[in-house]
file protein.csv (CSV, C-alpha atoms and all ligand atoms)
chain,number,residue,atom,x,y,z
A,17,MET,CA,132.3,59.3,89.0
A,18,ILE,CA,133.6,62.2,91.1
A,19,GLY,CA,134.4,59.6,93.8
A,20,GLN,CA,136.3,57.5,91.3
A,21,LEU,CA,138.3,60.6,90.1
A,22,LYS,CA,139.1,61.5,93.6
A,23,ALA,CA,140.4,58.0,94.3
A,24,VAL,CA,142.6,58.1,91.3
A,25,GLN,CA,144.0,61.4,92.4
A,26,ILE,CA,144.7,60.2,95.9
A,27,LEU,CA,146.5,57.1,94.6
A,28,THR,CA,148.8,59.1,92.3
A,29,LYS,CA,150.3,61.1,95.1
A,30,PRO,CA,154.1,60.8,94.6
A,31,MET,CA,156.5,59.0,96.8
A,32,ILE,CA,159.5,60.7,98.3
A,33,GLN,CA,162.5,58.9,96.8
A,34,GLN,CA,165.6,57.4,98.4
A,35,GLY,CA,168.3,60.0,98.6
A,36,GLN,CA,165.8,62.9,99.0
A,37,THR,CA,165.8,65.1,102.1
A,38,ILE,CA,163.6,64.9,105.2
A,39,GLY,CA,163.6,68.2,107.2
A,40,ILE,CA,162.8,67.7,110.9
A,41,ILE,CA,161.7,70.7,113.1
A,42,GLY,CA,163.1,69.8,116.5
A,43,GLY,CA,166.2,67.9,117.2
A,44,GLY,CA,165.6,65.9,120.4
A,45,GLN,CA,165.5,62.1,120.8
A,46,LEU,CA,162.4,61.6,118.7
A,47,GLY,CA,164.0,63.4,115.8
A,48,GLN,CA,167.2,61.5,116.4
A,49,MET,CA,165.5,58.1,116.2
A,50,MET,CA,163.6,59.3,113.1
A,51,ALA,CA,166.9,60.3,111.5
A,52,LEU,CA,168.6,57.1,112.4
A,53,ASP,CA,165.9,55.2,110.6
A,54,ALA,CA,165.9,57.6,107.7
A,55,LYS,CA,169.6,57.3,107.2
A,56,GLN,CA,169.3,53.5,107.1
A,57,THR,CA,167.0,53.9,104.1
A,58,GLY,CA,169.4,56.3,102.3
A,59,MET,CA,167.5,59.5,103.0
A,60,LYS,CA,169.2,62.8,103.8
A,61,VAL,CA,168.2,64.5,107.0
A,62,ILE,CA,168.4,68.2,108.1
A,63,THR,CA,167.1,69.2,111.5
A,64,LEU,CA,166.3,72.6,113.0
A,65,ASP,CA,167.1,73.0,116.7
A,66,PRO,CA,168.5,75.8,118.9
A,67,THR,CA,171.0,73.6,120.6
A,68,PRO,CA,174.1,73.0,118.6
A,69,HIS,CA,175.0,69.3,118.3
A,70,CYS,CA,171.5,68.3,119.6
A,71,PRO,CA,170.6,64.6,119.6
A,72,CYS,CA,169.2,64.7,116.1
A,73,GLY,CA,172.0,66.9,114.9
A,74,GLN,CA,174.5,64.3,115.9
A,75,VAL,CA,173.1,61.8,113.4
A,76,ALA,CA,171.6,64.1,110.7
A,77,ASP,CA,173.4,65.3,107.6
A,78,ASP,CA,173.1,68.9,108.7
A,79,GLN,CA,171.6,71.0,111.5
A,80,ILE,CA,170.2,74.6,111.2
A,81,VAL,CA,170.9,76.1,114.6
A,82,ALA,CA,167.9,78.4,115.3
A,83,PRO,CA,164.9,78.7,117.6
A,84,TYR,CA,161.9,76.6,116.7
A,85,ALA,CA,159.8,79.7,116.0
A,86,ASP,CA,162.3,81.4,113.7
A,87,VAL,CA,160.3,81.7,110.5
A,88,ALA,CA,163.3,82.5,108.3
A,89,ALA,CA,165.0,79.3,109.6
A,90,ILE,CA,161.9,77.2,109.1
A,91,LYS,CA,161.7,78.6,105.5
A,92,GLU,CA,165.3,77.7,104.9
A,93,LEU,CA,164.7,74.2,106.2
A,94,ALA,CA,161.6,73.9,104.0
A,95,GLN,CA,163.6,75.1,100.9
A,96,ARG,CA,166.3,72.5,101.5
A,97,SER,CA,164.0,69.6,102.2
A,98,ASP,CA,161.8,67.5,100.0
A,99,VAL,CA,159.4,66.7,102.9
A,100,LEU,CA,159.0,68.5,106.1
A,101,THR,CA,158.0,67.0,109.5
A,102,TYR,CA,158.3,67.8,113.2
A,103,GLU,CA,159.2,65.8,116.3
A,104,PHE,CA,157.0,67.6,118.8
A,105,GLU,CA,153.7,69.4,119.0
A,106,ASN,CA,155.0,72.7,120.3
A,107,VAL,CA,156.0,73.7,116.8
A,108,ASP,CA,155.0,77.3,115.9
A,109,LEU,CA,151.8,76.7,114.0
A,110,ASN,CA,151.9,80.0,112.2
A,111,ALA,CA,155.4,79.4,111.0
A,112,LEU,CA,154.4,76.0,109.8
A,113,ARG,CA,151.4,77.4,108.0
A,114,ASP,CA,153.7,80.0,106.3
A,115,VAL,CA,155.7,77.2,104.7
A,116,ALA,CA,152.9,74.7,104.2
A,117,ASP,CA,151.8,76.4,101.0
A,118,THR,CA,155.1,76.0,99.2
A,119,ALA,CA,156.8,73.1,101.0
A,120,TYR,CA,155.6,69.5,101.2
A,121,VAL,CA,154.2,69.1,104.7
A,122,PRO,CA,152.2,65.8,104.5
A,123,GLN,CA,151.0,66.0,108.0
A,124,GLY,CA,149.4,69.4,107.2
A,125,THR,CA,148.6,71.9,109.9
A,126,HIS,CA,145.2,70.7,111.0
A,127,LEU,CA,146.5,67.8,113.0
A,128,LEU,CA,148.8,70.0,114.9
A,129,TYR,CA,146.1,72.7,115.3
A,130,THR,CA,143.8,70.1,116.8
A,131,THR,CA,146.2,68.3,119.1
A,132,LYS,CA,148.1,71.4,120.4
A,133,ASN,CA,145.0,72.4,122.4
A,134,ARG,CA,143.3,70.1,124.9
A,135,ILE,CA,139.8,71.5,124.3
A,136,ARG,CA,140.0,71.2,120.5
A,137,GLU,CA,141.5,67.8,120.9
A,138,LYS,CA,138.8,66.5,123.2
A,139,THR,CA,136.1,68.1,121.2
A,140,PHE,CA,137.4,66.3,118.1
A,141,LEU,CA,137.6,63.0,120.0
A,142,ARG,CA,134.0,63.3,121.1
A,143,GLN,CA,132.9,64.1,117.6
A,144,ALA,CA,134.8,61.0,116.4
A,145,GLY,CA,132.7,58.9,118.8
A,146,MET,CA,135.3,58.4,121.5
A,147,LYS,CA,134.8,58.5,125.3
A,148,THR,CA,136.9,61.2,127.1
A,149,ALA,CA,137.0,62.5,130.6
A,150,PRO,CA,134.2,65.1,131.1
A,151,PHE,CA,135.7,68.5,130.5
A,152,MET,CA,135.0,72.2,130.5
A,153,ALA,CA,136.9,75.3,129.4
A,154,VAL,CA,138.2,77.5,132.2
A,155,LYS,CA,139.3,81.0,131.6
A,156,ASN,CA,139.1,82.4,135.1
A,157,ARG,CA,138.1,81.7,138.7
A,158,ALA,CA,134.4,82.0,138.1
A,159,ASP,CA,134.6,79.4,135.3
A,160,LEU,CA,136.6,77.2,137.6
A,161,SER,CA,133.9,77.3,140.3
A,162,ALA,CA,131.2,76.6,137.7
A,163,ALA,CA,133.2,73.8,136.2
A,164,ILE,CA,133.9,72.2,139.6
A,165,LYS,CA,130.2,72.4,140.5
A,166,LYS,CA,129.3,70.5,137.3
A,167,ILE,CA,132.2,68.0,137.2
A,168,GLY,CA,132.9,67.5,140.9
A,169,TYR,CA,136.0,66.4,142.8
A,170,PRO,CA,138.4,64.8,142.1
A,171,CYS,CA,139.3,66.6,139.0
A,172,VAL,CA,142.3,68.0,137.2
A,173,LEU,CA,143.0,71.5,136.0
A,174,LYS,CA,145.3,71.7,133.0
A,175,THR,CA,146.7,74.4,130.8
A,176,CYS,CA,145.2,74.0,127.3
A,177,GLU,CA,148.5,74.3,125.6
A,178,GLY,CA,152.2,73.7,126.2
A,179,GLY,CA,151.9,71.2,129.1
A,180,TYR,CA,153.9,68.0,129.1
A,181,ASP,CA,154.9,65.2,131.5
A,182,GLY,CA,152.5,66.5,134.2
A,183,HIS,CA,153.7,70.1,133.9
A,184,GLY,CA,150.9,72.7,133.8
A,185,GLN,CA,148.4,70.6,135.7
A,186,GLU,CA,147.0,70.3,139.2
A,187,VAL,CA,144.9,67.6,140.7
A,188,LEU,CA,142.1,69.0,142.8
A,189,HIS,CA,140.5,66.9,145.6
A,190,SER,CA,138.7,69.6,147.5
A,191,ASP,CA,138.2,73.4,147.9
A,192,ALA,CA,141.5,73.4,149.9
A,193,ASP,CA,143.3,72.7,146.6
A,194,LEU,CA,142.0,75.8,144.9
A,195,THR,CA,144.9,77.9,146.1
A,196,LYS,CA,147.2,75.8,143.8
A,197,CYS,CA,145.4,77.0,140.7
A,198,ASP,CA,146.8,80.5,140.3
A,199,GLY,CA,149.6,79.6,138.0
A,200,ILE,CA,147.4,77.7,135.6
A,201,LEU,CA,144.6,80.3,135.8
A,202,SER,CA,147.1,83.1,134.8
A,203,THR,CA,147.3,81.5,131.4
A,204,LYS,CA,143.5,82.3,131.0
A,205,ASP,CA,143.3,79.2,128.8
A,206,ALA,CA,142.7,76.1,130.9
A,207,ILE,CA,140.6,73.0,131.0
A,208,LEU,CA,139.0,71.2,133.9
A,209,GLU,CA,138.7,67.5,133.5
A,210,GLY,CA,136.8,65.0,135.6
A,211,TRP,CA,139.0,62.3,137.1
A,212,VAL,CA,138.8,59.0,135.3
A,213,HIS,CA,139.1,56.1,137.7
A,214,PHE,CA,141.0,53.9,135.3
A,215,ASP,CA,142.7,50.5,136.0
A,216,LEU,CA,145.6,51.1,133.7
A,217,GLU,CA,147.0,53.4,131.1
A,218,CYS,CA,147.7,52.2,127.6
A,219,SER,CA,148.8,53.7,124.3
A,220,VAL,CA,148.6,52.7,120.7
A,221,MET,CA,150.7,54.0,117.8
A,222,VAL,CA,149.0,54.2,114.5
A,223,GLY,CA,150.5,55.2,111.1
A,224,ARG,CA,148.7,56.3,107.9
A,225,ASN,CA,150.1,57.5,104.6
A,226,GLU,CA,148.9,59.9,101.9
A,227,ASN,CA,147.2,57.0,100.1
A,228,GLY,CA,145.1,56.3,103.2
A,229,GLN,CA,146.8,53.0,104.1
A,230,VAL,CA,146.8,52.5,107.9
A,231,THR,CA,148.9,50.3,110.1
A,232,VAL,CA,148.6,49.9,113.9
A,233,PHE,CA,151.0,48.8,116.6
A,234,PRO,CA,150.3,46.5,119.5
A,235,VAL,CA,148.9,48.0,122.7
A,236,ALA,CA,151.5,49.3,125.2
A,237,GLU,CA,150.7,49.3,128.9
A,238,ASN,CA,152.3,52.4,130.5
A,239,ILE,CA,153.4,53.0,134.1
A,240,HIS,CA,154.3,56.5,135.1
A,241,HIS,CA,156.4,57.8,138.0
A,242,ASP,CA,155.8,61.5,138.8
A,243,GLU,CA,153.7,61.8,135.7
A,244,ILE,CA,156.7,60.9,133.5
A,245,LEU,CA,156.5,57.6,131.6
A,246,HIS,CA,158.6,55.0,133.5
A,247,ILE,CA,157.9,51.6,131.9
A,248,SER,CA,156.0,50.4,128.8
A,249,ILE,CA,155.0,46.7,128.7
A,250,VAL,CA,154.0,45.2,125.4
A,251,PRO,CA,151.6,43.5,124.9
A,252,ALA,CA,149.5,45.3,127.6
A,253,ARG,CA,148.2,43.0,130.3
A,254,ILE,CA,144.6,43.2,129.1
A,255,SER,CA,142.4,40.7,127.3
A,256,SER,CA,142.9,40.2,123.6
A,257,ALA,CA,139.4,41.6,123.0
A,258,MET,CA,140.4,44.8,124.8
A,259,GLN,CA,143.6,45.0,122.8
A,260,ALA,CA,141.6,44.7,119.6
A,261,LYS,CA,139.2,47.4,120.8
A,262,ALA,CA,142.0,49.7,121.7
A,263,LYS,CA,143.7,49.2,118.3
A,264,GLN,CA,140.4,49.7,116.4
A,265,MET,CA,139.8,53.0,118.3
A,266,ALA,CA,143.3,54.2,117.3
A,267,VAL,CA,142.6,53.4,113.6
A,268,GLN,CA,139.2,55.1,113.8
A,269,ILE,CA,140.9,58.2,115.2
A,270,ALA,CA,143.6,58.1,112.5
A,271,LYS,CA,140.9,58.0,109.8
A,272,ALA,CA,138.8,60.7,111.4
A,273,ILE,CA,141.7,63.1,111.6
A,274,ASP,CA,142.9,62.2,108.1
A,275,LEU,CA,146.3,61.3,109.6
A,276,ARG,CA,149.5,61.3,107.6
A,277,GLY,CA,152.5,60.1,109.6
A,278,ILE,CA,152.4,58.5,113.0
A,279,LEU,CA,150.1,59.3,115.9
A,280,GLY,CA,150.3,58.2,119.6
A,281,VAL,CA,146.9,57.6,121.2
A,282,GLU,CA,147.0,57.6,125.0
A,283,MET,CA,144.2,55.8,126.7
A,284,PHE,CA,142.7,55.2,130.2
A,285,VAL,CA,141.5,51.6,130.4
A,286,LYS,CA,139.0,50.1,132.8
A,287,ARG,CA,138.9,46.4,133.4
A,288,ASP,CA,135.1,46.5,132.8
A,289,GLY,CA,135.9,47.1,129.1
A,290,GLU,CA,135.6,50.9,128.9
A,291,ILE,CA,138.4,52.8,127.2
A,292,TYR,CA,138.7,56.6,127.4
A,293,ILE,CA,141.0,58.5,125.2
A,294,ASN,CA,143.3,60.8,127.3
A,295,GLU,CA,145.3,62.6,124.6
A,296,LEU,CA,146.9,62.4,121.2
A,297,ALA,CA,150.6,62.9,120.2
A,298,PRO,CA,151.0,63.8,116.5
A,299,ARG,CA,154.4,62.3,116.4
A,300,PRO,CA,156.4,59.3,117.6
A,301,HIS,CA,155.8,58.7,121.3
A,302,ASN,CA,158.0,57.6,124.2
A,303,SER,CA,155.7,54.5,124.7
A,304,GLY,CA,156.5,53.4,121.1
A,305,HIS,CA,160.3,53.1,121.5
A,306,TYR,CA,159.9,49.4,122.2
A,307,SER,CA,159.1,48.9,118.5
A,308,ILE,CA,162.7,49.5,117.5
A,309,GLU,CA,163.7,46.0,118.6
A,310,ALA,CA,160.4,44.3,119.2
A,311,CYS,CA,158.5,44.9,116.0
A,312,ASN,CA,159.2,44.2,112.3
A,313,PHE,CA,159.1,48.0,111.7
A,314,SER,CA,159.6,50.7,114.3
A,315,GLN,CA,157.3,53.6,114.9
A,316,PHE,CA,160.1,55.8,113.4
A,317,ALA,CA,160.2,53.7,110.3
A,318,ILE,CA,156.4,53.8,109.9
A,319,HIS,CA,156.5,57.6,110.4
A,320,ASN,CA,159.1,58.0,107.7
A,321,ARG,CA,157.4,55.6,105.3
A,322,ALA,CA,154.1,57.4,105.9
A,323,ILE,CA,155.3,60.9,105.3
A,324,CYS,CA,157.2,59.7,102.2
A,325,ASN,CA,154.0,57.9,101.1
A,326,TRP,CA,155.7,54.6,100.9
A,327,PRO,CA,153.4,51.6,101.4
A,328,LEU,CA,152.8,50.5,105.0
A,329,PRO,CA,153.4,47.0,106.3
A,330,LYS,CA,151.3,45.1,108.8
A,331,ILE,CA,153.0,45.5,112.1
A,332,GLU,CA,154.0,42.3,113.9
A,333,LEU,CA,155.2,42.1,117.5
A,334,LEU,CA,158.3,39.8,117.3
A,335,LYS,CA,158.6,39.3,121.0
A,336,PRO,CA,157.0,40.6,124.3
A,337,VAL,CA,159.0,43.5,125.6
A,338,VAL,CA,159.6,45.9,128.4
A,339,MET,CA,160.9,49.4,127.9
A,340,VAL,CA,162.2,51.4,130.8
A,341,ASN,CA,163.1,55.1,130.6
A,342,VAL,CA,166.5,56.4,131.7
A,343,LEU,CA,166.1,59.8,133.3
A,344,GLY,CA,169.0,62.0,134.5
A,345,GLN,CA,169.1,60.4,138.0
A,346,HIS,CA,169.3,56.9,136.4
A,347,VAL,CA,172.1,57.4,134.0
A,348,ALA,CA,175.0,56.4,136.3
A,349,GLY,CA,173.2,53.3,137.6
A,350,VAL,CA,172.2,52.2,134.1
A,351,ARG,CA,175.7,52.6,132.7
A,352,GLN,CA,176.9,50.2,135.5
A,353,GLN,CA,174.5,47.6,134.2
A,354,ILE,CA,176.0,47.5,130.7
A,355,PRO,CA,178.6,44.9,131.5
A,356,LEU,CA,176.1,42.9,133.5
A,357,LYS,CA,173.1,42.7,131.1
A,358,PRO,CA,174.0,41.3,127.7
A,359,ASN,CA,170.4,41.1,126.7
A,360,TRP,CA,169.5,44.7,127.4
A,361,HIS,CA,169.4,47.2,124.6
A,362,PHE,CA,170.9,50.4,126.0
A,363,HIS,CA,169.8,53.6,124.2
A,364,ASP,CA,171.5,56.9,125.0
A,365,TYR,CA,170.3,60.1,123.2
A,366,GLY,CA,173.7,61.9,123.6
A,367,LYS,CA,172.4,64.9,125.5
A,368,ALA,CA,175.2,67.0,126.8
A,369,GLU,CA,173.6,67.9,130.2
A,370,ILE,CA,172.4,65.3,132.6
A,371,ARG,CA,169.5,66.7,134.7
A,372,HIS,CA,167.0,65.3,137.2
A,373,ASN,CA,163.9,63.9,135.4
A,374,ARG,CA,165.4,64.7,131.9
A,375,LYS,CA,164.9,61.9,129.4
A,376,MET,CA,168.4,60.8,128.6
A,377,GLY,CA,167.9,57.3,127.1
A,378,HIS,CA,165.9,54.1,127.5
A,379,VAL,CA,166.5,50.4,127.9
A,380,THR,CA,164.6,47.8,125.9
A,381,ILE,CA,164.4,44.2,127.1
A,382,LEU,CA,162.9,41.5,124.9
A,383,THR,CA,161.5,38.8,127.1
A,384,ASP,CA,159.5,35.6,127.4
A,385,ASP,CA,158.5,36.4,130.9
A,386,ILE,CA,157.3,40.0,131.5
A,387,GLU,CA,156.9,39.6,135.3
A,388,GLN,CA,160.4,38.2,135.7
A,389,THR,CA,161.8,41.1,133.6
A,390,LEU,CA,159.9,43.6,135.7
A,391,GLN,CA,161.5,42.0,138.8
A,392,GLU,CA,164.9,42.1,137.2
A,393,ILE,CA,164.5,45.9,136.6
A,394,ASP,CA,163.3,46.3,140.2
A,395,ASP,CA,166.2,44.3,141.6
A,396,THR,CA,168.8,46.8,140.1
A,397,GLY,CA,167.4,49.4,142.6
A,398,ILE,CA,168.1,52.1,140.0
A,399,TRP,CA,164.5,53.1,139.5
A,400,ASN,CA,163.4,52.9,143.2
A,401,ASP,CA,163.7,56.6,143.9
B,501,LIG,P1,148.3,64.2,130.5
B,501,LIG,O1,149.4,65.2,130.5
B,501,LIG,O2,147.0,64.7,130.2
B,501,LIG,O3,148.7,63.0,129.8
B,501,LIG,O4,148.3,63.8,132.1
B,501,LIG,C1,149.4,63.2,132.7
B,501,LIG,C2,148.9,62.0,133.6
B,501,LIG,O5,148.0,62.5,134.6
B,501,LIG,C3,148.2,60.9,132.8
B,501,LIG,O6,149.0,60.0,132.2
B,501,LIG,C4,147.3,60.3,134.0
B,501,LIG,O7,148.1,59.4,134.7
B,501,LIG,C5,147.0,61.5,134.8
B,501,LIG,N1,145.7,62.1,134.4
B,501,LIG,C6,145.6,63.2,133.6
B,501,LIG,N2,144.3,63.5,133.4
B,501,LIG,C7,143.6,62.6,134.0
B,501,LIG,C8,142.2,62.4,134.2
B,501,LIG,N3,141.3,63.2,133.7
B,501,LIG,N4,141.8,61.3,135.0
B,501,LIG,C9,142.7,60.5,135.6
B,501,LIG,N5,144.0,60.7,135.4
B,501,LIG,C10,144.5,61.7,134.7
call {"tool": "encode", "arguments": {"input": "protein.csv", "output": "structure tokens", "more": "lines below"}}
Ligand code: AMP
result
Amino acid sequence: MIGQLKAVQILTKPMIQQGQTIGIIGGGQLGQMMALDAKQTGMKVITLDPTPHCPCGQVADDQIVAPYADVAAIKELAQRSDVLTYEFENVDLNALRDVADTAYVPQGTHLLYTTKNRIREKTFLRQAGMKTAPFMAVKNRADLSAAIKKIGYPCVLKTCEGGYDGHGQEVLHSDADLTKCDGILSTKDAILEGWVHFDLECSVMVGRNENGQVTVFPVAENIHHDEILHISIVPARISSAMQAKAKQMAVQIAKAIDLRGILGVEMFVKRDGEIYINELAPRPHNSGHYSIEACNFSQFAIHNRAICNWPLPKIELLKPVVMVNVLGQHVAGVRQQIPLKPNWHFHDYGKAEIRHNRKMGHVTILTDDIEQTLQEIDDTGIWND
């Protein structure tokens, strides 16, 4: 009886209506693409970001210009929004907790609390029955020595919080590398991970709404350069059984964490069939950008539908696809390709300052021949730095 009552309560969660307002903390490219989708469905969007005219601010109805951790600004955003979300995991958790009691924050704060910290995240993943790299908490040099003794070389020392795109981590091959660890150890909050000898890296985007409906995207195969995502290939070049396993794992994680919104699940895949979960992104993910053109609904559409508690469709891949990132050093070369490549979808996030390794845009290429498309990308010479 209680179970039935609960089910009824869950099913009666209201939908956010067209014309209501989505508030987005963070105004980078992920917020921008969320906002572009939201505008298409008639929603209003307000973003909070310290940079005036940020990528999201350029397409939103309004922008609050303030630091991400400005509690008063987050409160103002919450007051002016019908539903509040974020585009990155470095949101100030306390500020979000402050408003979560009064504003509608469907993602809650537990997801962010778990995924913000690598130890909490891996502990959750293990409890959810997933394989991860072996890991130990490291607060000082003595912990590091003990962890290396247990885990062995090669291994990787990472900050528990705030790292991205390879920042805040050092790969250790032998004692000679220990001198590189001072910076990370100074945070007094690190994790040592054993090295996973994977064959390829993949990711799966999964969405879930307040009613518990889940939808899952095809598996992307990801190639990194300098620890920054370079190319995503979809479908990943693994067997269909492995693809099904990867998707099933993402769904299991979404349920275990009681997901609302979209979640990126990064995986290390071994050809022998083993899949390790590397990390989770509680938001749209760079490796899901392909879905804008290649799927019936994009990851941004699914995020918006999920946080608005709209029903979720089954995701279909309409065509195989390659997505390639455009960093600062690629912008000029890519712009020269516009007149030459009628089939390429050129995305530019509208960032004012072009910097080396800064994500400035991406290119999506729908294709019947992945290998030929990879060759075509290579032949431009733009990404061979
Ligand atoms: P992360 O920030 O944890 O996603 O790490 C960035 C990249 O470093 C990953 O995409 C992997 O290519 C590599 N990496 C990180 N941790 C490990 C690990 N434990 N074993 C093997 N490769 C790793």
call {"tool": "residues_near_ligand", "arguments": {"input": "protein.csv", "ligand": "ligand LIG 501 (chain B)", "cutoff": "8 Å", "atoms": "all atoms listed in the file", "output": "PyMOL selection string"}}
result
chain A and resi 149-150+171-172+174+179-183+185+209-214+217+240+243-245+282+284+294-295
call {"tool": "closest_residue", "arguments": {"input": "protein.csv", "among": "A:His69, A:Ala192, A:Tyr129, A:Gln45", "to": "Tyr365 of chain A", "atoms": "all atoms listed in the file"}}
result
A:Gln45
call {"tool": "residues_around", "arguments": {"input": "protein.csv", "residues": "Lys132 of chain A", "least_positions_apart": "4", "cutoff": "7 Å", "atoms": "all atoms listed in the file", "output": "PyMOL selection string"}}
result
chain A and resi 105+128+177
call {"tool": "atom_distance", "arguments": {"input": "protein.csv", "atom1": "atom CA of Asp53 of chain A", "atom2": "atom CA of His319 of chain A"}}
result
9.7 Å
call {"tool": "closest_residue", "arguments": {"input": "protein.csv", "among": "A:Glu186, A:Glu103, A:Asp65, A:Asp274", "to": "Phe316 of chain A", "atoms": "all atoms listed in the file"}}
result
A:Glu103
call {"tool": "residues_near_point", "arguments": {"input": "protein.csv", "point": "(162.0, 53.8, 122.8)", "cutoff": "10 Å", "atoms": "all atoms listed in the file", "output": "number ranges by chain"}}
result
A: 45-46, 49, 248, 300-309, 314-316, 338-341, 363, 377-380
call {"tool": "residues_around", "arguments": {"input": "protein.csv", "residues": "Phe233 of chain A", "least_positions_apart": "5", "cutoff": "8 Å", "atoms": "all atoms listed in the file", "output": "PyMOL selection string"}}
result
chain A and resi 220-222+263+331-333
call {"tool": "atom_distance", "arguments": {"input": "protein.csv", "atom1": "atom CA of Gly39 of chain A", "atom2": "atom CA of Arg136 of chain A"}}
result
27.3 Å
call {"tool": "atom_distance", "arguments": {"input": "protein.csv", "atom1": "atom CA of Val342 of chain A", "atom2": "atom CA of Met376 of chain A"}}
result
5.7 Å
call {"tool": "residues_around", "arguments": {"input": "protein.csv", "residues": "Ala270 of chain A", "least_positions_apart": "6", "cutoff": "9 Å", "atoms": "only C-alpha atoms", "output": "list in words"}}
result
Val222, Gly223, Arg224, Val230, Arg276, Ile278 and Leu279 of chain A
call {"tool": "closest_residue", "arguments": {"input": "protein.csv", "among": "A:Ala322, A:Ile207, A:Ile80, A:Leu160", "to": "Leu194 of chain A", "atoms": "all atoms listed in the file"}}
result
A:Leu160
call {"tool": "closest_residue", "arguments": {"input": "protein.csv", "among": "A:Leu112, A:Val61, A:Met152, A:Leu343", "to": "Leu208 of chain A", "atoms": "only C-alpha atoms"}}
result
A:Met152
call {"tool": "decode", "arguments": {"input": "protein.csv", "residues": "segment 217-229 of chain A", "atoms": "N, CA, C and O atoms", "output": "compact mmCIF listing (two decimals), in the first residue's frame"}}
result
# COMPACT_ATOMS: atom_id res chain seq x y z
N GLU A 217 38.70 4.39 -24.83
CA GLU A 217 37.85 5.14 -23.91
C GLU A 217 36.51 5.39 -24.58
O GLU A 217 36.45 5.74 -25.76
N CYS A 218 35.46 5.19 -23.81
CA CYS A 218 34.11 5.40 -24.33
C CYS A 218 33.32 6.23 -23.33
O CYS A 218 33.75 6.42 -22.18
N SER A 219 32.17 6.72 -23.77
CA SER A 219 31.27 7.38 -22.83
C SER A 219 29.84 7.16 -23.27
O SER A 219 29.58 6.92 -24.46
N VAL A 220 28.97 7.23 -22.30
CA VAL A 220 27.54 7.07 -22.57
C VAL A 220 26.80 8.17 -21.82
O VAL A 220 27.03 8.39 -20.63
N MET A 221 25.91 8.86 -22.52
CA MET A 221 25.05 9.84 -21.89
C MET A 221 23.73 9.15 -21.52
O MET A 221 23.19 8.39 -22.33
N VAL A 222 23.26 9.45 -20.32
CA VAL A 222 21.99 8.84 -19.89
C VAL A 222 21.15 9.94 -19.24
O VAL A 222 21.67 10.80 -18.53
N GLY A 223 19.86 9.92 -19.53
CA GLY A 223 18.95 10.93 -18.97
C GLY A 223 17.85 10.25 -18.17
O GLY A 223 17.45 9.12 -18.47
N ARG A 224 17.38 10.93 -17.14
CA ARG A 224 16.30 10.38 -16.32
C ARG A 224 15.48 11.54 -15.77
O ARG A 224 16.04 12.57 -15.38
N ASN A 225 14.17 11.38 -15.74
CA ASN A 225 13.33 12.47 -15.24
C ASN A 225 12.77 12.14 -13.85
O ASN A 225 13.03 11.07 -13.30
N GLU A 226 12.02 13.09 -13.34
CA GLU A 226 11.47 12.97 -11.98
C GLU A 226 10.56 11.75 -11.85
O GLU A 226 10.42 11.17 -10.78
N ASN A 227 9.93 11.36 -12.95
CA ASN A 227 9.05 10.19 -12.91
C ASN A 227 9.82 8.88 -13.01
O ASN A 227 9.21 7.81 -13.04
N GLY A 228 11.15 8.97 -13.09
CA GLY A 228 11.96 7.76 -13.12
C GLY A 228 12.12 7.15 -14.51
O GLY A 228 12.67 6.07 -14.66
N GLN A 229 11.65 7.87 -15.54
CA GLN A 229 11.85 7.38 -16.91
C GLN A 229 13.31 7.59 -17.31
O GLN A 229 13.86 8.66 -17.05
